[in-house]
Structures are given as C-alpha cells and as structure tokens.
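Comments concern the structure below.
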Amino acid sequence: MELQKTSNGHHDLSPNRIPENGFDALENMTEGDNFLPNKSNGKIETQFTDFEGKTSFRMSIFNLSNAIMGSGILGLAYAMANTGIILFVILLISITVLSAYSIHLLLKTAGVVGIRAYEQLGYRAFGPPGKILAACIITLHNIGAMSSYLFIVKIELPHIIQGLMELPDNSTDWFVDGRCLIIIVSVTVILPLAFMKRLGYLGYTSGFSLTCMVFFLISVIYKKFVTECSLEHSYNETGVTESIYNSTDDTCEAKFITINPQTAFTIPIMAFAFVCHPEVLPIYTELKNPNKKRMQNVANISIMAMFVMYLLTAIFGYLTFYGKVDSELLKMYSKKDTLMLCVRLAVLIAVTLTVPVVLFPIRRAVLQLLFPDKPFHWVRHISIAVCVLFFVNLLVIFVPNIRDIFGFIGATSAPSLIFILPGIFYICIVPEAQEPLKSRPKIQAIVFVTLGFIFMIMSITFIIIEWVNGKKTSGGH
Ligand SMILES: NC(=O)C[C@H](N)C(=O)O
C-alpha cells in the first residue's frame, strides 16, 4: 500500500489520510514520518493516526496478562524460599509498582511523539543506534522467554505422556523424547498461531491460557492443604518418590526473612516474571478507541491480576515444600499423581499458548531492523516466524537448566526493558518545553533509570559470584 508523501518527503499520516489498511501503515512507518501534534492545555499530545485498532478492552487484557504470565511463575516459590515471606512480599510489591510505572512512561512517551513501536522510540531518542539497541534487547529477551516456555514442554510433556500411558520411566520411545515433542508442538500448535496477522486474534487463546494457569494456582493451594510436611514426597530424577525432610532439618518452618547465596536470583526472577513491556505497544496499537488512560487501565488490571496470582502461587508453593522447593515448582510434585499430571498439562498448554504472543514483538523488531520501509508481506511474516522458532528449538535442545535462563535474562534484558529503556526514552523524548529536566516527572524518571542500572549491575555481579562458587563446590560440573 502506498502512502502519500508530503512535500518534505515524509509520509503523510494526517486523519484525512488514514490509510485503508492502517496495519500496513504501521509496518511502513519510517523514522521521518509525520504525526499530528495537538496542543491542549499547553501540552503537546499527539493523536495516533497510524493504525485503527479493533481489539476490545477485554481481549487486550487477556493478551497482556498472557504476555506477563509465563514460566516466571514457576520460579517464584523458589524466590520466596531464598528471601523469606516478608522480604519477598516487599520485593514483589515494589516490582509490581515499578512495572506499572514503567508502562506509564512508555505510554506517555509514545503519546508525545505519536509512535507506538518500542524500536521507533529508540530511534527518536538516539537515532539508528537507539533503534538497533531496542530491537536487539527485545529479540534477546523474548527469545529467552520462548526458550524457557519450550523448555517446560521439553521436560514436562514426556512425564505427562508416560503418566497417561502408564509407561515405565526408562522407556526410550520417540513420543517420550522431549526433543521430538517440542518440534511437534512447535509445528502443530505454535506455528499456525504465529502466522496470524494480528496479535488481537490471539485474545481467545490468551484467555484459555490464563484459565489453565488459574487451575494450576487452585491445585497448588489445594496441595498445600493435603500434604503433610514430614510425609512430603518429592519427585526425583529416577522417578522414585522419597521423603525430602529429615528430623535434623528445619525445612518445615516458614522463614520470614532469609538471605543466602541464591537470594541473588530473586530480583532477576521477579523482574523476568513481570516483563511484558515489548508487548505493550503492539497491544496498544491494536486497541480499539486507543488513548493513554485506556491502555494504562489495561496494563494496571493485568499487572494487578498477575500480582495476586504470583503472590498466591509463591506463598502456597513455598508453604508446601519450604526450603527444598526447586527453581521449577512443578518438579516438586509427584508424577504419579493424576491431579498433578493434569496440572502439568494445563501449565504446558498455558506456556505453549504464550509463545506466539511473545514471538510478535521479535518479528516486529526484525522487520523494523531489516525491512523498515517495506509494506506487509506474508512471505516475510511467515518466514521470520519459522526462522525464530527453528532457532529457539535448537537452543532449547541444548539449554542445561531453566534457572540459568531466568537468571541471565532477568539480570540483563529484564531491567533494561522495565527500567532503563522506558526511563531513558522518556527523558530524551518528552520535550524540555513540556517538562524541564528539573521537573518532578523527569527527576523521577532519572531515579528510575538509576535504579535499573543498580539492579542490573547487582544482579549480574551476584549471579557471576554464585556461578563461580557453584562451579567450585560442585567440582566444576
Ligand atoms: N513475557 C516475558 O518476557 C516473560 C514472562 N513475564 C514470564 O513470566 O514468563
């Protein structure tokens, strides 16, 4: 689709010129595009004319909640075991509030310039390097998130099939080989959903994915009440159930505050669990009757709902297994238990249905980097999805441990996406005339960015120390 060029060579996106297919216009959008500055109350607000969204408020909440909710939830009980209940609650509340504030910064910045693409905000702030940086961080982060989801499929699906078919644990058939199974799931479920032209179409699968997670939460709560601590059984690698507690151990006691070497992973795990920022602007682009307040409401409702689910899962998961809880909560439940078999299946469905949502921003980033001026084309749309999924499949086949993914991504790209980039974009893009550098919102944003850097440096340092020590104590394995 051709957009009319203005006299200065930029695309004209004025309301009189709303293209028939706004989505193409968004894909076509280049750095020099004009938007409509609209001065009201002395503030420069820009109307979005790039794309006329059709996704309802409710579907947008489902999509954003689905983007937030993923494998991060499985690591939260482990985080609580390594911080204690009080410290965990304080940290979780802080990350929730900061995450919502970060979305406020993103939406406000997008409103000022009239662009609803993370990479384009990078461009407005720092030119081409800013755009490349934003695209790379989004790609890195979302590939990490997708890998962690497929990792769960690789580990859990064989157990479910073995349990349902009552096969012995040492069976070597191809249909209980996690590597084959992720390829089958990728081709039959994920790829068709990833081929959808719009994120809005995934609202129904996102709603279903959230329902599966609610079932998971209810089961975790139920298990806490039917499991006696001293009789608790843990599923181990050989499939033999065994008591995980001994009388000299105090692991049946809940700790209120704990600090140990694994505490280093807490902030990265929580930060990872709340990342949804690459999906916020694409969801905003497709929202019906978009304005900042409406999108902020979508974000606040989604974040609050996920906060409640995260808190309950962490508390009840921790109070079931206490200090022995694994970094992947599901590993703690017996695989002979039919209820937990269904729960595993539900989590697996939930994370599988999240993969296409997380893939959308990667494709957008790749398109913005490699084909910035090209109109929408099915071949590009499909081939990027195929390549990304192929790469992620390869990665998952070689990933050693899910905790390392949480730790690494949580420590690097998560603070960048939540704190550093939205804050820096806000400071650079919102004009001095509208908000001077010494105004309260700008100072807040500066503090926010500084906090992000502190989190990032602290987490990376702790994790490196933990890895080095861990290697030493385990004889380098
Ligand atoms: N969307 C993401 O990047 C990760 C997601 N917040 C999770 O917990 O898995």
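Residue numbers start at 1 in each chain; chains themselves are named A, B, ... in the order of the structure tokens; ligands are numbered from 1 in the order shown.
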
Contact check, chain A to ligand 1, at most 7 Å, counting only C-alpha atoms and all ligand atoms, closest pairs as JSON lines:
```
{"residue": "A:Ala67", "atom": "CA", "partner": "ligand 1", "partner_atom_place_in_ligand_line": "1 (N)", "distance": 4.7}
{"residue": "A:Ile68", "atom": "CA", "partner": "ligand 1", "partner_atom_place_in_ligand_line": "6 (N)", "distance": 3.9}
{"residue": "A:Met69", "atom": "CA", "partner": "ligand 1", "partner_atom_place_in_ligand_line": "8 (O)", "distance": 4.8}
{"residue": "A:Gly70", "atom": "CA", "partner": "ligand 1", "partner_atom_place_in_ligand_line": "9 (O)", "distance": 3.2}
{"residue": "A:Ser71", "atom": "CA", "partner": "ligand 1", "partner_atom_place_in_ligand_line": "9 (O)", "distance": 4.1}
{"residue": "A:Gly72", "atom": "CA", "partner": "ligand 1", "partner_atom_place_in_ligand_line": "8 (O)", "distance": 3.4}
{"residue": "A:Ile73", "atom": "CA", "partner": "ligand 1", "partner_atom_place_in_ligand_line": "8 (O)", "distance": 5.8}
{"residue": "A:His141", "atom": "CA", "partner": "ligand 1", "partner_atom_place_in_ligand_line": "3 (O)", "distance": 6.4}
{"residue": "A:Asn142", "atom": "CA", "partner": "ligand 1", "partner_atom_place_in_ligand_line": "3 (O)", "distance": 5.6}
{"residue": "A:Ala145", "atom": "CA", "partner": "ligand 1", "partner_atom_place_in_ligand_line": "3 (O)", "distance": 5.2}
{"residue": "A:Phe272", "atom": "CA", "partner": "ligand 1", "partner_atom_place_in_ligand_line": "6 (N)", "distance": 5.3}
{"residue": "A:Ala273", "atom": "CA", "partner": "ligand 1", "partner_atom_place_in_ligand_line": "8 (O)", "distance": 3.4}
{"residue": "A:Phe274", "atom": "CA", "partner": "ligand 1", "partner_atom_place_in_ligand_line": "6 (N)", "distance": 4.5}
{"residue": "A:Val275", "atom": "CA", "partner": "ligand 1", "partner_atom_place_in_ligand_line": "6 (N)", "distance": 4.3}
{"residue": "A:Cys276", "atom": "CA", "partner": "ligand 1", "partner_atom_place_in_ligand_line": "1 (N)", "distance": 4.7}
{"residue": "A:Val358", "atom": "CA", "partner": "ligand 1", "partner_atom_place_in_ligand_line": "1 (N)", "distance": 6.2}
```

Those residues you just picked out, can you put them in a file as a PDB file, in the first residue's frame with N, CA, C and O atoms?
```pdb
ATOM      1  N   ALA A  67       0.936 -12.254  28.225  1.00  0.00           N
ATOM      2  CA  ALA A  67       2.342 -11.892  27.997  1.00  0.00           C
ATOM      3  C   ALA A  67       3.094 -11.823  29.325  1.00  0.00           C
ATOM      4  O   ALA A  67       4.256 -12.221  29.409  1.00  0.00           O
ATOM      5  N   ILE A  68       2.412 -11.353  30.377  1.00  0.00           N
ATOM      6  CA  ILE A  68       3.087 -11.270  31.685  1.00  0.00           C
ATOM      7  C   ILE A  68       3.284 -12.679  32.242  1.00  0.00           C
ATOM      8  O   ILE A  68       4.361 -13.063  32.666  1.00  0.00           O
ATOM      9  N   MET A  69       2.202 -13.434  32.218  1.00  0.00           N
ATOM     10  CA  MET A  69       2.227 -14.754  32.857  1.00  0.00           C
ATOM     11  C   MET A  69       2.948 -15.776  31.980  1.00  0.00           C
ATOM     12  O   MET A  69       2.569 -15.977  30.835  1.00  0.00           O
ATOM     13  N   GLY A  70       3.979 -16.367  32.547  1.00  0.00           N
ATOM     14  CA  GLY A  70       4.686 -17.382  31.762  1.00  0.00           C
ATOM     15  C   GLY A  70       5.445 -18.276  32.706  1.00  0.00           C
ATOM     16  O   GLY A  70       4.963 -18.563  33.807  1.00  0.00           O
ATOM     17  N   SER A  71       6.621 -18.659  32.309  1.00  0.00           N
ATOM     18  CA  SER A  71       7.380 -19.578  33.140  1.00  0.00           C
ATOM     19  C   SER A  71       7.867 -18.919  34.426  1.00  0.00           C
ATOM     20  O   SER A  71       8.219 -19.610  35.376  1.00  0.00           O
ATOM     21  N   GLY A  72       7.882 -17.579  34.445  1.00  0.00           N
ATOM     22  CA  GLY A  72       8.334 -16.864  35.641  1.00  0.00           C
ATOM     23  C   GLY A  72       7.595 -17.312  36.891  1.00  0.00           C
ATOM     24  O   GLY A  72       8.187 -17.415  37.971  1.00  0.00           O
ATOM     25  N   ILE A  73       6.320 -17.652  36.754  1.00  0.00           N
ATOM     26  CA  ILE A  73       5.510 -18.035  37.917  1.00  0.00           C
ATOM     27  C   ILE A  73       6.070 -19.290  38.610  1.00  0.00           C
ATOM     28  O   ILE A  73       5.955 -19.439  39.823  1.00  0.00           O
ATOM     29  N   HIS A 141      15.522 -10.828  24.746  1.00  0.00           N
ATOM     30  CA  HIS A 141      14.660 -11.167  25.872  1.00  0.00           C
ATOM     31  C   HIS A 141      13.558 -12.157  25.468  1.00  0.00           C
ATOM     32  O   HIS A 141      13.335 -13.161  26.140  1.00  0.00           O
ATOM     33  N   ASN A 142      12.890 -11.848  24.369  1.00  0.00           N
ATOM     34  CA  ASN A 142      11.760 -12.704  24.010  1.00  0.00           C
ATOM     35  C   ASN A 142      12.205 -14.079  23.522  1.00  0.00           C
ATOM     36  O   ASN A 142      11.491 -15.061  23.737  1.00  0.00           O
ATOM     37  N   ALA A 145      12.598 -15.857  26.706  1.00  0.00           N
ATOM     38  CA  ALA A 145      11.302 -16.239  27.281  1.00  0.00           C
ATOM     39  C   ALA A 145      10.726 -17.438  26.523  1.00  0.00           C
ATOM     40  O   ALA A 145      10.283 -18.421  27.125  1.00  0.00           O
ATOM     41  N   PHE A 272      11.892 -10.851  35.652  1.00  0.00           N
ATOM     42  CA  PHE A 272      11.528 -11.652  34.477  1.00  0.00           C
ATOM     43  C   PHE A 272      10.023 -11.933  34.479  1.00  0.00           C
ATOM     44  O   PHE A 272       9.349 -11.819  33.451  1.00  0.00           O
ATOM     45  N   ALA A 273       9.507 -12.269  35.678  1.00  0.00           N
ATOM     46  CA  ALA A 273       8.088 -12.641  35.767  1.00  0.00           C
ATOM     47  C   ALA A 273       7.162 -11.485  35.377  1.00  0.00           C
ATOM     48  O   ALA A 273       6.045 -11.716  34.927  1.00  0.00           O
ATOM     49  N   PHE A 274       7.627 -10.237  35.555  1.00  0.00           N
ATOM     50  CA  PHE A 274       6.749  -9.101  35.249  1.00  0.00           C
ATOM     51  C   PHE A 274       6.997  -8.472  33.878  1.00  0.00           C
ATOM     52  O   PHE A 274       6.303  -7.529  33.514  1.00  0.00           O
ATOM     53  N   VAL A 275       7.968  -8.978  33.155  1.00  0.00           N
ATOM     54  CA  VAL A 275       8.225  -8.352  31.846  1.00  0.00           C
ATOM     55  C   VAL A 275       7.063  -8.625  30.889  1.00  0.00           C
ATOM     56  O   VAL A 275       6.614  -9.758  30.743  1.00  0.00           O
ATOM     57  N   CYS A 276       6.552  -7.560  30.296  1.00  0.00           N
ATOM     58  CA  CYS A 276       5.532  -7.683  29.256  1.00  0.00           C
ATOM     59  C   CYS A 276       5.717  -6.462  28.362  1.00  0.00           C
ATOM     60  O   CYS A 276       4.915  -6.182  27.494  1.00  0.00           O
ATOM     61  N   VAL A 358       4.601 -13.852  22.480  1.00  0.00           N
ATOM     62  CA  VAL A 358       5.951 -13.339  22.717  1.00  0.00           C
ATOM     63  C   VAL A 358       6.743 -13.258  21.401  1.00  0.00           C
ATOM     64  O   VAL A 358       7.685 -12.476  21.275  1.00  0.00           O
TER      65      VAL A 358
END
```

Please list as a ChimeraX atom specification every residue within 9 Å of stretch 189-205 of chain A, counting only C-alpha atoms and excluding residues in the same chain fewer than 5 positions away.
/A:23,53-56,58-63,66,184,210,282-283,286-287,350,352-357,359-360,378,381-382,385-386,389

File of the preceding selection, N, CA and C atoms, as an mmCIF file, in the first residue's frame:
```
data_model
loop_
_atom_site.group_PDB
_atom_site.id
_atom_site.type_symbol
_atom_site.label_atom_id
_atom_site.label_comp_id
_atom_site.auth_asym_id
_atom_site.auth_seq_id
_atom_site.Cartn_x
_atom_site.Cartn_y
_atom_site.Cartn_z
ATOM 1 N N PHE A 23 -2.712 -1.149 9.453
ATOM 2 C CA PHE A 23 -1.659 -2.051 9.887
ATOM 3 C C PHE A 23 -0.463 -1.951 8.948
ATOM 4 N N GLY A 53 -7.154 0.437 15.596
ATOM 5 C CA GLY A 53 -7.221 -0.857 16.264
ATOM 6 C C GLY A 53 -8.644 -1.390 16.379
ATOM 7 N N LYS A 54 -8.746 -2.719 16.474
ATOM 8 C CA LYS A 54 -10.081 -3.317 16.541
ATOM 9 C C LYS A 54 -10.213 -4.260 17.738
ATOM 10 N N THR A 55 -9.153 -4.380 18.540
ATOM 11 C CA THR A 55 -9.200 -5.344 19.642
ATOM 12 C C THR A 55 -9.870 -4.712 20.860
ATOM 13 N N SER A 56 -10.796 -5.467 21.473
ATOM 14 C CA SER A 56 -11.571 -4.910 22.591
ATOM 15 C C SER A 56 -10.700 -4.790 23.842
ATOM 16 N N ARG A 58 -11.282 -6.040 26.764
ATOM 17 C CA ARG A 58 -11.135 -7.319 27.460
ATOM 18 C C ARG A 58 -10.080 -8.214 26.798
ATOM 19 N N MET A 59 -10.128 -8.290 25.475
ATOM 20 C CA MET A 59 -9.153 -9.128 24.764
ATOM 21 C C MET A 59 -7.738 -8.589 24.958
ATOM 22 N N SER A 60 -7.632 -7.261 25.034
ATOM 23 C CA SER A 60 -6.301 -6.679 25.253
ATOM 24 C C SER A 60 -5.786 -7.056 26.637
ATOM 25 N N ILE A 61 -6.693 -7.085 27.628
ATOM 26 C CA ILE A 61 -6.271 -7.507 28.979
ATOM 27 C C ILE A 61 -5.802 -8.962 28.940
ATOM 28 N N PHE A 62 -6.544 -9.806 28.238
ATOM 29 C CA PHE A 62 -6.145 -11.220 28.138
ATOM 30 C C PHE A 62 -4.755 -11.330 27.507
ATOM 31 N N ASN A 63 -4.551 -10.592 26.422
ATOM 32 C CA ASN A 63 -3.260 -10.690 25.740
ATOM 33 C C ASN A 63 -2.121 -10.187 26.611
ATOM 34 N N ASN A 66 -1.500 -12.567 29.455
ATOM 35 C CA ASN A 66 -0.829 -13.759 28.945
ATOM 36 C C ASN A 66 0.647 -13.476 28.679
ATOM 37 N N ILE A 184 7.301 -31.219 17.502
ATOM 38 C CA ILE A 184 5.908 -31.487 17.107
ATOM 39 C C ILE A 184 4.987 -30.356 17.594
ATOM 40 N N LEU A 210 -4.849 -18.315 30.369
ATOM 41 C CA LEU A 210 -4.987 -17.809 31.743
ATOM 42 C C LEU A 210 -5.853 -18.740 32.582
ATOM 43 N N PRO A 282 2.689 -3.046 20.928
ATOM 44 C CA PRO A 282 1.895 -3.752 19.913
ATOM 45 C C PRO A 282 0.433 -3.942 20.332
ATOM 46 N N ILE A 283 0.194 -4.216 21.603
ATOM 47 C CA ILE A 283 -1.195 -4.389 22.061
ATOM 48 C C ILE A 283 -1.918 -3.036 22.012
ATOM 49 N N GLU A 286 -3.205 -2.146 18.590
ATOM 50 C CA GLU A 286 -4.405 -2.832 18.121
ATOM 51 C C GLU A 286 -5.636 -2.572 18.994
ATOM 52 N N LEU A 287 -5.452 -1.773 20.056
ATOM 53 C CA LEU A 287 -6.581 -1.497 20.967
ATOM 54 C C LEU A 287 -7.621 -0.608 20.285
ATOM 55 N N ALA A 350 -0.718 -23.592 28.821
ATOM 56 C CA ALA A 350 -0.640 -22.145 29.053
ATOM 57 C C ALA A 350 0.634 -21.562 28.450
ATOM 58 N N THR A 352 2.587 -22.856 26.204
ATOM 59 C CA THR A 352 2.642 -23.046 24.747
ATOM 60 C C THR A 352 1.858 -21.933 24.051
ATOM 61 N N LEU A 353 0.705 -21.576 24.630
ATOM 62 C CA LEU A 353 -0.117 -20.533 24.008
ATOM 63 C C LEU A 353 0.465 -19.129 24.205
ATOM 64 N N THR A 354 1.436 -19.016 25.109
ATOM 65 C CA THR A 354 2.087 -17.710 25.292
ATOM 66 C C THR A 354 3.170 -17.495 24.227
ATOM 67 N N VAL A 355 3.731 -18.591 23.716
ATOM 68 C CA VAL A 355 4.844 -18.457 22.755
ATOM 69 C C VAL A 355 4.493 -17.550 21.565
ATOM 70 N N PRO A 356 3.331 -17.722 20.896
ATOM 71 C CA PRO A 356 3.058 -16.845 19.746
ATOM 72 C C PRO A 356 2.949 -15.368 20.132
ATOM 73 N N VAL A 357 2.410 -15.092 21.338
ATOM 74 C CA VAL A 357 2.280 -13.689 21.784
ATOM 75 C C VAL A 357 3.669 -13.065 21.923
ATOM 76 N N LEU A 359 6.305 -14.048 20.434
ATOM 77 C CA LEU A 359 7.006 -14.024 19.140
ATOM 78 C C LEU A 359 6.700 -12.749 18.335
ATOM 79 N N PHE A 360 5.506 -12.193 18.529
ATOM 80 C CA PHE A 360 5.111 -10.999 17.753
ATOM 81 C C PHE A 360 6.112 -9.841 17.843
ATOM 82 N N TRP A 378 3.201 -11.421 3.329
ATOM 83 C CA TRP A 378 3.026 -12.713 4.002
ATOM 84 C C TRP A 378 4.309 -13.526 4.035
ATOM 85 N N HIS A 381 6.431 -12.265 6.773
ATOM 86 C CA HIS A 381 5.726 -12.518 8.028
ATOM 87 C C HIS A 381 5.919 -13.984 8.455
ATOM 88 N N ILE A 382 5.711 -14.883 7.508
ATOM 89 C CA ILE A 382 5.792 -16.313 7.830
ATOM 90 C C ILE A 382 7.242 -16.759 7.998
ATOM 91 N N ALA A 385 8.784 -15.926 11.375
ATOM 92 C CA ALA A 385 8.265 -16.805 12.444
ATOM 93 C C ALA A 385 8.944 -18.176 12.382
ATOM 94 N N VAL A 386 9.082 -18.709 11.187
ATOM 95 C CA VAL A 386 9.689 -20.042 11.036
ATOM 96 C C VAL A 386 11.145 -20.005 11.518
ATOM 97 N N LEU A 389 11.398 -19.611 15.387
ATOM 98 C CA LEU A 389 11.003 -20.829 16.081
ATOM 99 C C LEU A 389 12.032 -21.944 15.890
#
```

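In this comparison, which uses only C-alpha atoms, the residue of A:Met456, A:Leu140, A:Val396, A:Val97 approaching A:Arg363 most closely is A:Leu140.
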
What's the 7 Å shell around stretch 163-173 of chain A, counting only C-alpha atoms, without same-chain residues fewer than 4 positions away, as a VMD selection string?
chain A and resid 159 177 239 335 to 336

Would you save the residues from that selection as a PDB file, in the first residue's frame, using N, CA, C and O atoms?
```pdb
ATOM      1  N   HIS A 159       6.810 -36.590  30.752  1.00  0.00           N
ATOM      2  CA  HIS A 159       6.247 -37.123  32.006  1.00  0.00           C
ATOM      3  C   HIS A 159       4.748 -37.336  31.888  1.00  0.00           C
ATOM      4  O   HIS A 159       4.204 -38.322  32.367  1.00  0.00           O
ATOM      5  N   ASP A 177      10.345 -38.586  24.042  1.00  0.00           N
ATOM      6  CA  ASP A 177      11.598 -37.848  23.915  1.00  0.00           C
ATOM      7  C   ASP A 177      11.257 -36.351  23.797  1.00  0.00           C
ATOM      8  O   ASP A 177      10.637 -35.918  22.822  1.00  0.00           O
ATOM      9  N   GLY A 239      12.535 -41.019  39.349  1.00  0.00           N
ATOM     10  CA  GLY A 239      11.100 -41.273  39.398  1.00  0.00           C
ATOM     11  C   GLY A 239      10.683 -41.948  40.696  1.00  0.00           C
ATOM     12  O   GLY A 239       9.518 -42.185  40.947  1.00  0.00           O
ATOM     13  N   LYS A 335       4.971 -37.348  39.922  1.00  0.00           N
ATOM     14  CA  LYS A 335       4.393 -37.520  38.592  1.00  0.00           C
ATOM     15  C   LYS A 335       3.458 -38.727  38.523  1.00  0.00           C
ATOM     16  O   LYS A 335       2.938 -39.062  37.477  1.00  0.00           O
ATOM     17  N   LYS A 336       3.275 -39.365  39.697  1.00  0.00           N
ATOM     18  CA  LYS A 336       2.313 -40.482  39.730  1.00  0.00           C
ATOM     19  C   LYS A 336       0.907 -39.975  40.075  1.00  0.00           C
ATOM     20  O   LYS A 336      -0.059 -40.703  40.044  1.00  0.00           O
TER      21      LYS A 336
END
```

Looking only at the backbone, which of the residues in stretch 297-451 of chain A does DSSP tag as alpha helix (DSSP H), as an NGL selection string?
:A and (297-321 or 338-370 or 378-398 or 402-411 or 413-415 or 421-429 or 440-451)

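Those residues that approach A:Ala135 to within 12 Å, counting only C-alpha atoms, are Ala117, Tyr118, Glu119, Gln120, Leu121, Gly122, Tyr123, Pro128, Pro129, His141, Asn142, Ile143, Pro278, Pro361, Ile362, Arg363, Arg364, Ala365, Val366, Leu367, Gln368, Leu369, Leu370, Ser413, Ser416, Leu417 and Leu421 of chain A; same-chain residues fewer than 6 positions away are not listed.
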
Using only C-alpha atoms, which residues sit within 7 Å of stretch 74-81 of chain A once same-chain residues fewer than 2 positions away are excluded, as a list in words?
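The contact residues come out as Ser71, Gly72, Thr83, Gly84, Ile85, Phe88, Thr266, Ile269, Thr313, Ala314, Ile315, Gly317, Tyr318, Tyr322, Gly323, Val325, Asp326, Ser327, Glu328 and Leu329 of chain A.
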
All residues 12 Å or closer to A:Arg124, only C-alpha atoms, same chain fewer than 2 positions away omitted, as number ranges by chain
A: 30-33, 109-110, 112-122, 126-132, 134, 424-431

Using the selection just defined, write its residues with N, CA, C and O atoms as a short mmCIF file (atom, residue, chain, number, x, y, z; two decimals), in the first residue's frame.
```
data_model
loop_
_atom_site.label_atom_id
_atom_site.label_comp_id
_atom_site.auth_asym_id
_atom_site.auth_seq_id
_atom_site.Cartn_x
_atom_site.Cartn_y
_atom_site.Cartn_z
N THR A 30 8.29 4.99 8.82
CA THR A 30 9.73 5.20 8.86
C THR A 30 10.05 6.31 9.84
O THR A 30 9.15 6.97 10.35
N GLU A 31 11.36 6.50 10.06
CA GLU A 31 11.79 7.45 11.08
C GLU A 31 11.30 8.87 10.80
O GLU A 31 11.14 9.67 11.67
N GLY A 32 11.10 9.20 9.54
CA GLY A 32 10.78 10.58 9.23
C GLY A 32 9.28 10.86 9.20
O GLY A 32 8.87 11.96 8.84
N ASP A 33 8.47 9.87 9.57
CA ASP A 33 7.03 10.07 9.43
C ASP A 33 6.49 11.20 10.30
O ASP A 33 6.94 11.45 11.40
N THR A 109 5.50 8.57 26.58
CA THR A 109 6.47 8.88 25.52
C THR A 109 5.86 8.61 24.16
O THR A 109 5.98 9.43 23.24
N ALA A 110 5.19 7.46 24.04
CA ALA A 110 4.56 7.11 22.75
C ALA A 110 3.51 8.16 22.39
O ALA A 110 3.39 8.55 21.22
N VAL A 112 3.50 11.37 23.22
CA VAL A 112 4.10 12.65 22.83
C VAL A 112 4.54 12.64 21.37
O VAL A 112 4.33 13.60 20.64
N VAL A 113 5.14 11.53 20.94
CA VAL A 113 5.62 11.52 19.54
C VAL A 113 4.64 10.84 18.58
O VAL A 113 4.81 10.93 17.37
N GLY A 114 3.64 10.16 19.13
CA GLY A 114 2.65 9.53 18.25
C GLY A 114 3.15 8.25 17.61
O GLY A 114 2.70 7.87 16.54
N ILE A 115 4.09 7.58 18.28
CA ILE A 115 4.60 6.32 17.72
C ILE A 115 4.37 5.21 18.74
O ILE A 115 4.72 5.36 19.91
N ARG A 116 3.79 4.12 18.28
CA ARG A 116 3.57 3.02 19.20
C ARG A 116 4.44 1.84 18.83
O ARG A 116 3.97 0.75 18.57
N ALA A 117 5.73 2.06 18.74
CA ALA A 117 6.69 0.98 18.49
C ALA A 117 7.94 1.27 19.31
O ALA A 117 8.49 2.37 19.25
N TYR A 118 8.34 0.28 20.11
CA TYR A 118 9.48 0.43 21.01
C TYR A 118 10.74 0.85 20.24
O TYR A 118 11.47 1.75 20.63
N GLU A 119 10.95 0.19 19.09
CA GLU A 119 12.17 0.47 18.32
C GLU A 119 12.17 1.89 17.80
O GLU A 119 13.21 2.55 17.74
N GLN A 120 10.98 2.38 17.41
CA GLN A 120 10.89 3.74 16.89
C GLN A 120 11.13 4.78 18.00
O GLN A 120 11.67 5.85 17.75
N LEU A 121 10.76 4.42 19.23
CA LEU A 121 11.07 5.33 20.35
C LEU A 121 12.59 5.39 20.51
O LEU A 121 13.16 6.46 20.75
N GLY A 122 13.25 4.22 20.35
CA GLY A 122 14.72 4.18 20.40
C GLY A 122 15.31 5.08 19.35
O GLY A 122 16.27 5.81 19.58
N PHE A 126 17.74 8.20 20.17
CA PHE A 126 19.19 8.11 19.88
C PHE A 126 19.52 7.87 18.41
O PHE A 126 20.66 7.51 18.10
N GLY A 127 18.54 7.98 17.53
CA GLY A 127 18.83 7.71 16.12
C GLY A 127 18.98 6.22 15.87
O GLY A 127 18.57 5.40 16.71
N PRO A 128 19.64 5.84 14.75
CA PRO A 128 19.73 4.40 14.41
C PRO A 128 20.29 3.50 15.53
O PRO A 128 19.75 2.42 15.76
N PRO A 129 21.34 3.95 16.29
CA PRO A 129 21.82 3.04 17.36
C PRO A 129 20.73 2.73 18.38
O PRO A 129 20.65 1.60 18.88
N GLY A 130 19.89 3.72 18.68
CA GLY A 130 18.81 3.51 19.66
C GLY A 130 17.81 2.48 19.16
O GLY A 130 17.34 1.62 19.91
N LYS A 131 17.52 2.56 17.87
CA LYS A 131 16.57 1.62 17.28
C LYS A 131 17.16 0.19 17.31
O LYS A 131 16.47 -0.77 17.70
N ILE A 132 18.45 0.09 16.95
CA ILE A 132 19.09 -1.24 16.93
C ILE A 132 19.14 -1.81 18.34
O ILE A 132 18.83 -2.98 18.57
N ALA A 134 17.20 -1.17 20.96
CA ALA A 134 15.88 -1.61 21.43
C ALA A 134 15.49 -2.92 20.76
O ALA A 134 15.03 -3.87 21.42
N ILE A 424 14.93 6.17 29.93
CA ILE A 424 15.80 6.99 29.07
C ILE A 424 15.00 7.58 27.91
O ILE A 424 15.15 8.75 27.56
N PHE A 425 14.13 6.77 27.32
CA PHE A 425 13.31 7.28 26.20
C PHE A 425 12.48 8.48 26.68
O PHE A 425 12.37 9.49 26.00
N TYR A 426 11.90 8.32 27.86
CA TYR A 426 11.06 9.38 28.40
C TYR A 426 11.87 10.67 28.58
O TYR A 426 11.47 11.75 28.14
N ILE A 427 13.05 10.51 29.20
CA ILE A 427 13.87 11.70 29.47
C ILE A 427 14.28 12.38 28.16
O ILE A 427 14.23 13.60 28.03
N CYS A 428 14.66 11.58 27.17
CA CYS A 428 15.15 12.17 25.91
C CYS A 428 14.03 12.68 25.02
O CYS A 428 14.21 13.65 24.30
N ILE A 429 12.90 11.99 25.02
CA ILE A 429 11.88 12.31 24.00
C ILE A 429 10.90 13.40 24.45
O ILE A 429 10.54 14.27 23.67
N VAL A 430 10.46 13.35 25.72
CA VAL A 430 9.50 14.37 26.14
C VAL A 430 10.21 15.73 26.13
O VAL A 430 11.24 15.90 26.80
N PRO A 431 9.72 16.69 25.34
CA PRO A 431 10.49 17.93 25.14
C PRO A 431 10.66 18.74 26.43
O PRO A 431 9.80 18.71 27.31
#
```
